[in-house]
file my_file-v2.cif (mmCIF, C-alpha atoms, pLDDT in the B column; chains and numbers go by the auth columns)
data_target
#
loop_
_atom_site.group_PDB
_atom_site.id
_atom_site.type_symbol
_atom_site.label_atom_id
_atom_site.label_comp_id
_atom_site.label_asym_id
_atom_site.label_seq_id
_atom_site.Cartn_x
_atom_site.Cartn_y
_atom_site.Cartn_z
_atom_site.B_iso_or_equiv
_atom_site.auth_seq_id
_atom_site.auth_asym_id
ATOM 1 C CA MET A 1 -71.995 43.982 58.724 87.00 474 A
ATOM 2 C CA SER A 2 -71.868 40.637 60.504 92.00 475 A
ATOM 3 C CA TYR A 3 -71.525 40.272 64.235 93.00 476 A
ATOM 4 C CA PRO A 4 -70.020 37.418 66.251 92.00 477 A
ATOM 5 C CA VAL A 5 -72.497 34.853 67.552 93.00 478 A
ATOM 6 C CA TYR A 6 -72.227 34.057 71.246 92.00 479 A
ATOM 7 C CA PRO A 7 -73.677 30.967 72.931 90.00 480 A
ATOM 8 C CA GLU A 8 -77.141 31.280 74.427 93.00 481 A
ATOM 9 C CA PRO A 9 -77.112 32.913 77.885 92.00 482 A
ATOM 10 C CA ARG A 10 -76.965 30.478 80.801 90.00 483 A
ATOM 11 C CA TYR A 11 -77.111 33.069 83.566 91.00 484 A
ATOM 12 C CA LEU A 12 -80.334 35.017 83.498 94.00 485 A
ATOM 13 C CA GLY A 13 -80.009 37.049 86.690 95.00 486 A
ATOM 14 C CA GLU A 14 -79.848 40.838 86.721 94.00 487 A
ATOM 15 C CA GLY A 15 -76.935 41.812 88.944 95.00 488 A
ATOM 16 C CA GLY A 16 -74.416 38.999 88.823 95.00 489 A
ATOM 17 C CA GLU A 17 -73.357 36.721 91.675 95.00 490 A
ATOM 18 C CA ILE A 18 -70.391 36.386 93.984 93.00 491 A
ATOM 19 C CA THR A 19 -69.169 32.975 92.835 91.00 492 A
ATOM 20 C CA ALA A 20 -65.505 33.419 91.832 93.00 493 A
ATOM 21 C CA ARG A 21 -62.936 31.068 93.389 92.00 494 A
ATOM 22 C CA PHE A 22 -59.308 31.967 94.147 94.00 495 A
ATOM 23 C CA ARG A 23 -56.466 29.466 94.527 94.00 496 A
ATOM 24 C CA ALA A 24 -53.113 30.818 95.714 95.00 497 A
ATOM 25 C CA ALA A 25 -49.956 29.743 93.878 92.00 498 A
ATOM 26 C CA ASP A 26 -48.510 28.268 97.076 94.00 499 A
ATOM 27 C CA THR A 27 -51.447 25.888 97.617 95.00 500 A
ATOM 28 C CA PRO A 28 -49.995 22.363 98.009 94.00 501 A
ATOM 29 C CA ALA A 29 -50.455 19.942 95.111 93.00 502 A
ATOM 30 C CA ASP A 30 -53.553 17.756 95.255 93.00 503 A
ATOM 31 C CA LEU A 31 -51.670 14.711 94.015 92.00 504 A
ATOM 32 C CA ALA A 32 -47.995 13.804 94.338 92.00 505 A
ATOM 33 C CA ASN A 33 -46.392 10.466 93.551 87.00 506 A
ATOM 34 C CA GLU A 34 -43.132 8.722 94.353 81.00 507 A
ATOM 35 C CA SER A 35 -41.628 9.607 90.957 84.00 508 A
ATOM 36 C CA GLY A 36 -41.791 13.322 91.826 89.00 509 A
ATOM 37 C CA ASN A 37 -44.740 14.256 89.607 93.00 510 A
ATOM 38 C CA ARG A 38 -47.304 16.623 91.140 95.00 511 A
ATOM 39 C CA THR A 39 -50.770 17.637 89.993 95.00 512 A
ATOM 40 C CA SER A 40 -52.774 20.609 91.261 96.00 513 A
ATOM 41 C CA TYR A 41 -56.499 20.685 90.514 96.00 514 A
ATOM 42 C CA LEU A 42 -56.978 24.368 89.714 96.00 515 A
ATOM 43 C CA ALA A 43 -60.501 24.039 88.323 95.00 516 A
ATOM 44 C CA THR A 44 -62.365 20.748 88.259 93.00 517 A
ATOM 45 C CA ASP A 45 -65.414 19.540 86.409 92.00 518 A
ATOM 46 C CA ALA A 46 -67.324 19.938 89.676 92.00 519 A
ATOM 47 C CA SER A 47 -66.122 23.472 90.396 93.00 520 A
ATOM 48 C CA THR A 48 -66.821 24.753 86.849 94.00 521 A
ATOM 49 C CA GLY A 49 -70.195 23.087 86.424 91.00 522 A
ATOM 50 C CA GLY A 50 -68.790 20.854 83.691 93.00 523 A
ATOM 51 C CA GLU A 51 -67.455 23.696 81.540 94.00 524 A
ATOM 52 C CA PHE A 52 -63.782 22.698 81.733 96.00 525 A
ATOM 53 C CA GLY A 53 -61.047 21.202 83.903 96.00 526 A
ATOM 54 C CA LEU A 54 -57.710 22.955 84.447 97.00 527 A
ATOM 55 C CA TYR A 55 -54.739 21.275 86.128 96.00 528 A
ATOM 56 C CA ARG A 56 -51.146 22.323 86.774 97.00 529 A
ATOM 57 C CA VAL A 57 -48.864 19.343 86.229 96.00 530 A
ATOM 58 C CA GLU A 58 -45.246 19.227 87.321 97.00 531 A
ATOM 59 C CA LEU A 59 -43.303 16.479 85.599 96.00 532 A
ATOM 60 C CA ALA A 60 -40.154 15.233 87.307 96.00 533 A
ATOM 61 C CA ALA A 61 -36.978 14.879 85.255 97.00 534 A
ATOM 62 C CA ARG A 62 -37.131 11.896 82.884 96.00 535 A
ATOM 63 C CA SER A 63 -40.849 11.368 83.498 94.00 536 A
ATOM 64 C CA PRO A 64 -42.185 9.004 80.793 92.00 537 A
ATOM 65 C CA GLY A 65 -45.747 10.401 80.733 91.00 538 A
ATOM 66 C CA PRO A 66 -48.647 8.526 79.120 92.00 539 A
ATOM 67 C CA GLY A 67 -48.410 6.645 75.839 92.00 540 A
ATOM 68 C CA THR A 68 -50.195 7.758 72.696 95.00 541 A
ATOM 69 C CA HIS A 69 -53.924 8.068 73.296 95.00 542 A
ATOM 70 C CA PHE A 70 -57.088 9.952 72.364 97.00 543 A
ATOM 71 C CA HIS A 71 -60.349 11.013 73.992 97.00 544 A
ATOM 72 C CA ARG A 72 -63.826 10.580 72.508 97.00 545 A
ATOM 73 C CA ALA A 73 -65.586 13.231 74.639 97.00 546 A
ATOM 74 C CA ILE A 74 -63.040 15.883 75.614 97.00 547 A
ATOM 75 C CA SER A 75 -60.402 18.055 73.996 98.00 548 A
ATOM 76 C CA GLU A 76 -57.089 18.551 75.770 98.00 549 A
ATOM 77 C CA SER A 77 -54.763 21.541 75.660 98.00 550 A
ATOM 78 C CA PHE A 78 -51.216 21.924 76.942 98.00 551 A
ATOM 79 C CA PHE A 79 -49.565 25.213 77.918 98.00 552 A
ATOM 80 C CA ILE A 80 -45.949 24.959 79.038 98.00 553 A
ATOM 81 C CA LEU A 81 -45.085 27.083 82.081 98.00 554 A
ATOM 82 C CA ALA A 82 -41.450 26.088 82.694 98.00 555 A
ATOM 83 C CA GLY A 83 -38.866 23.594 81.542 98.00 556 A
ATOM 84 C CA GLU A 84 -39.218 21.379 78.480 98.00 557 A
ATOM 85 C CA VAL A 85 -42.044 18.956 77.729 98.00 558 A
ATOM 86 C CA ASN A 86 -41.998 16.673 74.726 97.00 559 A
ATOM 87 C CA LEU A 87 -45.442 16.798 73.088 97.00 560 A
ATOM 88 C CA PHE A 88 -46.703 14.323 70.490 96.00 561 A
ATOM 89 C CA ASP A 89 -49.334 15.713 68.094 96.00 562 A
ATOM 90 C CA GLY A 90 -50.194 12.430 66.401 94.00 563 A
ATOM 91 C CA GLU A 91 -47.446 12.805 63.784 94.00 564 A
ATOM 92 C CA ARG A 92 -44.291 13.988 65.492 95.00 565 A
ATOM 93 C CA TRP A 93 -42.692 14.861 68.802 96.00 566 A
ATOM 94 C CA THR A 94 -41.892 18.511 69.527 97.00 567 A
ATOM 95 C CA THR A 95 -39.863 19.869 72.413 98.00 568 A
ATOM 96 C CA ALA A 96 -42.117 22.526 73.905 98.00 569 A
ATOM 97 C CA ARG A 97 -40.832 25.288 76.177 98.00 570 A
ATOM 98 C CA ALA A 98 -42.338 28.014 78.355 98.00 571 A
ATOM 99 C CA GLY A 99 -45.102 29.791 76.439 98.00 572 A
ATOM 100 C CA ASP A 100 -45.654 26.991 73.892 98.00 573 A
ATOM 101 C CA PHE A 101 -49.178 25.647 73.446 98.00 574 A
ATOM 102 C CA LEU A 102 -50.737 22.517 71.913 98.00 575 A
ATOM 103 C CA TYR A 103 -54.479 22.033 71.352 98.00 576 A
ATOM 104 C CA VAL A 104 -55.725 18.480 70.755 98.00 577 A
ATOM 105 C CA PRO A 105 -59.324 18.252 69.478 98.00 578 A
ATOM 106 C CA VAL A 106 -61.632 15.397 70.446 98.00 579 A
ATOM 107 C CA GLY A 107 -60.264 12.221 68.840 97.00 580 A
ATOM 108 C CA GLY A 108 -56.776 13.677 68.322 97.00 581 A
ATOM 109 C CA LEU A 109 -53.827 11.394 69.043 96.00 582 A
ATOM 110 C CA HIS A 110 -51.389 12.816 71.580 96.00 583 A
ATOM 111 C CA ALA A 111 -48.859 12.018 74.291 96.00 584 A
ATOM 112 C CA PHE A 112 -46.397 13.887 76.468 96.00 585 A
ATOM 113 C CA LYS A 113 -43.249 13.215 78.474 96.00 586 A
ATOM 114 C CA ASN A 114 -40.311 14.974 80.079 97.00 587 A
ATOM 115 C CA ASP A 115 -37.057 13.714 78.539 96.00 588 A
ATOM 116 C CA SER A 116 -34.988 16.446 80.173 97.00 589 A
ATOM 117 C CA ASP A 117 -32.919 16.330 83.347 97.00 590 A
ATOM 118 C CA ALA A 118 -34.995 19.107 84.949 97.00 591 A
ATOM 119 C CA LEU A 119 -38.493 19.582 86.328 97.00 592 A
ATOM 120 C CA ALA A 120 -41.093 20.797 83.814 98.00 593 A
ATOM 121 C CA SER A 121 -44.421 22.469 84.551 98.00 594 A
ATOM 122 C CA MET A 122 -47.519 22.833 82.364 98.00 595 A
ATOM 123 C CA LEU A 123 -51.220 23.543 82.416 98.00 596 A
ATOM 124 C CA LEU A 124 -53.638 20.890 81.140 97.00 597 A
ATOM 125 C CA LEU A 125 -57.071 22.077 80.045 98.00 598 A
ATOM 126 C CA PHE A 126 -59.891 19.615 79.374 97.00 599 A
ATOM 127 C CA ALA A 127 -63.082 20.826 77.694 97.00 600 A
ATOM 128 C CA PRO A 128 -65.817 20.229 78.397 96.00 601 A
ATOM 129 C CA GLY A 129 -65.114 19.367 82.000 93.00 602 A
ATOM 130 C CA ALA A 130 -64.777 15.729 83.010 92.00 603 A
ATOM 131 C CA PRO A 131 -64.091 14.136 86.396 91.00 604 A
ATOM 132 C CA ARG A 132 -60.392 13.523 85.600 92.00 605 A
ATOM 133 C CA GLU A 133 -59.213 13.613 89.224 92.00 606 A
ATOM 134 C CA GLN A 134 -60.088 9.956 89.810 92.00 607 A
ATOM 135 C CA TYR A 135 -58.194 9.026 86.643 92.00 608 A
ATOM 136 C CA PHE A 136 -55.003 10.788 87.758 90.00 609 A
ATOM 137 C CA GLU A 137 -55.290 9.403 91.289 91.00 610 A
ATOM 138 C CA GLN A 138 -55.856 5.778 90.296 92.00 611 A
ATOM 139 C CA VAL A 139 -54.234 5.171 86.890 89.00 612 A
ATOM 140 C CA ALA A 140 -50.915 3.847 88.248 87.00 613 A
ATOM 141 C CA GLU A 141 -52.641 1.409 90.604 89.00 614 A
ATOM 142 C CA MET A 142 -55.071 0.270 87.910 90.00 615 A
ATOM 143 C CA ALA A 143 -52.274 -0.217 85.365 88.00 616 A
ATOM 144 C CA THR A 144 -50.522 -2.508 87.843 89.00 617 A
ATOM 145 C CA LYS A 145 -53.705 -4.574 88.185 90.00 618 A
ATOM 146 C CA GLY A 146 -54.086 -4.742 84.404 89.00 619 A
ATOM 147 C CA GLY A 147 -56.617 -6.960 82.693 90.00 620 A
ATOM 148 C CA GLU A 148 -60.293 -6.292 82.135 91.00 621 A
ATOM 149 C CA GLU A 149 -60.569 -4.083 85.228 92.00 622 A
ATOM 150 C CA PHE A 150 -57.917 -1.733 83.813 91.00 623 A
ATOM 151 C CA THR A 151 -59.542 -1.735 80.368 91.00 624 A
ATOM 152 C CA GLU A 152 -62.894 -0.786 81.905 93.00 625 A
ATOM 153 C CA PHE A 153 -61.198 1.934 83.976 93.00 626 A
ATOM 154 C CA LEU A 154 -59.682 3.493 80.830 94.00 627 A
ATOM 155 C CA VAL A 155 -62.988 3.424 78.924 94.00 628 A
ATOM 156 C CA ARG A 156 -64.818 4.923 81.937 94.00 629 A
ATOM 157 C CA HIS A 157 -62.268 7.760 81.911 95.00 630 A
ATOM 158 C CA ASP A 158 -62.403 8.410 78.156 96.00 631 A
ATOM 159 C CA SER A 159 -58.798 7.286 77.597 95.00 632 A
ATOM 160 C CA PHE A 160 -58.089 5.152 74.547 95.00 633 A
ATOM 161 C CA PHE A 161 -54.447 4.167 74.211 93.00 634 A
ATOM 162 C CA VAL A 162 -52.850 3.150 70.942 92.00 635 A
ATOM 163 C CA ASP A 163 -49.367 2.204 69.854 71.00 636 A
ATOM 164 C CA THR A 164 -48.269 3.881 66.676 53.00 637 A
ATOM 165 C CA LYS A 165 -46.434 0.600 65.867 51.00 638 A
ATOM 166 C CA GLY A 166 -49.709 -1.318 65.844 42.00 639 A
ATOM 167 C CA GLY A 167 -49.876 -2.856 69.330 36.00 640 A
ATOM 168 C CA PRO A 168 -51.680 -1.762 72.484 37.00 641 A
ATOM 169 C CA GLY A 169 -50.431 1.468 74.035 45.00 642 A
ATOM 170 C CA ARG A 170 -49.299 1.891 77.614 46.00 643 A
ATOM 171 C CA ALA A 171 -51.182 4.012 80.093 46.00 644 A
#
call {"tool": "encode", "arguments": {"input": "my_file-v2.cif", "output": "structure tokens"}}
result
Amino acid sequence: MSYPVYPEPRYLGEGGEITARFRAADTPADLANESGNRTSYLATDASTGGEFGLYRVELAARSPGPGTHFHRAISESFFILAGEVNLFDGERWTTARAGDFLYVPVGGLHAFKNDSDALASMLLLFAPGAPREQYFEQVAEMATKGGEEFTEFLVRHDSFFVDTKGGPGRA
């Protein structure tokens, strides 16, 4: 009989520790912008010791989202909580609804947007953890600046945009 193989233990104590963190559902969003999008940092790279990052994202109606891109160091997963989110899996767009899930491995092309007339909500999971907060907080400003500074910002944040028509993608 074969048994599942778990990762090597990282906690070697005897009795466990009191280290859990609770975040109430009514905690205000950490980031809100003028277009009506809101992001709540549920678990950050810092708070999980680099294991993962988990964010709740609320996309306003008709929110364009990011263009097609990939990550070299992190996977990204999408779990739809409410509304409709259009998800691109590298080949086609799918209208995802509450309960739908998309996993994008490292290097996988993906994009998302809200084409509907209503608010949509989803969870984004990055693994392993990465300091994505700065990316979300500064990407709009950096995109406006453009140029080499924006290119360096994207590379620093493991975001590589492509255009499936052959040109550079939008952030």
call {"tool": "atom_distance", "arguments": {"input": "my_file-v2.cif", "atom1": "atom CA of Thr617 of chain A", "atom2": "atom CA of Ser548 of chain A"}}
result
26.7 Å
call {"tool": "atom_distance", "arguments": {"input": "my_file-v2.cif", "atom1": "atom CA of Asn587 of chain A", "atom2": "atom CA of Gly556 of chain A"}}
result
8.9 Å
call {"tool": "residues_around", "arguments": {"input": "my_file-v2.cif", "residues": "segment 519-533 of chain A", "least_positions_apart": "3", "cutoff": "6 Å", "atoms": "only C-alpha atoms", "output": "VMD selection string"}}
result
chain A and resid 509 to 516 536 592 to 602
call {"tool": "atom_distance", "arguments": {"input": "my_file-v2.cif", "atom1": "atom CA of Gly580 of chain A", "atom2": "atom CA of Phe633 of chain A"}}
result
9.3 Å
call {"tool": "closest_residue", "arguments": {"input": "my_file-v2.cif", "among": "A:Ala613, A:Tyr608, A:Ala569, A:Ala603", "to": "Phe626 of chain A", "atoms": "all atoms listed in the file"}}
result
A:Tyr608
call {"tool": "closest_residue", "arguments": {"input": "my_file-v2.cif", "among": "A:Arg629, A:Tyr476, A:Glu622, A:Gln611", "to": "Ala505 of chain A", "atoms": "all atoms listed in the file"}}
result
A:Gln611
call {"tool": "closest_residue", "arguments": {"input": "my_file-v2.cif", "among": "A:Thr541, A:Met474, A:Val635, A:Ala546", "to": "Leu560 of chain A", "atoms": "all atoms listed in the file"}}
result
A:Thr541
call {"tool": "residues_near_point", "arguments": {"input": "my_file-v2.cif", "point": "(-49.4, 28.0, 74.8)", "cutoff": "6 Å", "atoms": "all atoms listed in the file", "output": "PyMOL selection string"}}
result
chain A and resi 552+572-574
call {"tool": "write_last_selection", "arguments": {"input": "my_file-v2.cif", "atoms": "C-alpha atoms", "output": "PDB file, keeping the file's coordinate frame"}}
result
ATOM      1  CA  PHE A 552     -49.565  25.213  77.918  1.00 98.00           C
ATOM      2  CA  GLY A 572     -45.102  29.791  76.439  1.00 98.00           C
ATOM      3  CA  ASP A 573     -45.654  26.991  73.892  1.00 98.00           C
ATOM      4  CA  PHE A 574     -49.178  25.647  73.446  1.00 98.00           C
TER       5      PHE A 574
END
call {"tool": "resolve_selection", "arguments": {"input": "my_file-v2.cif", "expression": "the PyMOL selection byres ((chain A and resi 624) around 12)", "output": "JSON, numbers by chain"}}
result
{"A": [612, 615, 616, 617, 618, 619, 620, 621, 622, 623, 625, 626, 627, 628, 629, 630, 631, 632, 633, 634, 641, 642, 643, 644]}
call {"tool": "write_last_selection", "arguments": {"input": "my_file-v2.cif", "atoms": "C-alpha atoms", "output": "CSV table (one decimal), in the coordinates of the input"}}
result
chain,number,residue,atom,x,y,z
A,612,VAL,CA,-54.2,5.2,86.9
A,615,MET,CA,-55.1,0.3,87.9
A,616,ALA,CA,-52.3,-0.2,85.4
A,617,THR,CA,-50.5,-2.5,87.8
A,618,LYS,CA,-53.7,-4.6,88.2
A,619,GLY,CA,-54.1,-4.7,84.4
A,620,GLY,CA,-56.6,-7.0,82.7
A,621,GLU,CA,-60.3,-6.3,82.1
A,622,GLU,CA,-60.6,-4.1,85.2
A,623,PHE,CA,-57.9,-1.7,83.8
A,625,GLU,CA,-62.9,-0.8,81.9
A,626,PHE,CA,-61.2,1.9,84.0
A,627,LEU,CA,-59.7,3.5,80.8
A,628,VAL,CA,-63.0,3.4,78.9
A,629,ARG,CA,-64.8,4.9,81.9
A,630,HIS,CA,-62.3,7.8,81.9
A,631,ASP,CA,-62.4,8.4,78.2
A,632,SER,CA,-58.8,7.3,77.6
A,633,PHE,CA,-58.1,5.2,74.5
A,634,PHE,CA,-54.4,4.2,74.2
A,641,PRO,CA,-51.7,-1.8,72.5
A,642,GLY,CA,-50.4,1.5,74.0
A,643,ARG,CA,-49.3,1.9,77.6
A,644,ALA,CA,-51.2,4.0,80.1
call {"tool": "closest_residue", "arguments": {"input": "my_file-v2.cif", "among": "A:Asp499, A:Glu481, A:Glu549, A:Asp636", "to": "Val579 of chain A", "atoms": "only C-alpha atoms"}}
result
A:Glu549
call {"tool": "closest_residue", "arguments": {"input": "my_file-v2.cif", "among": "A:Glu614, A:Pro482, A:Ala571, A:Arg496", "to": "Leu554 of chain A", "atoms": "all atoms listed in the file"}}
result
A:Ala571
call {"tool": "axis_aligned_box", "arguments": {"input": "my_file-v2.cif", "around": "segment 567-585 of chain A", "padding_each_side": "4 Å", "output": "lines of an AutoDock Vina configuration file"}}
result
center_x = -50.7
center_y = 20.6
center_z = 73.3
size_x = 29.8
size_y = 26.4
size_z = 18.0
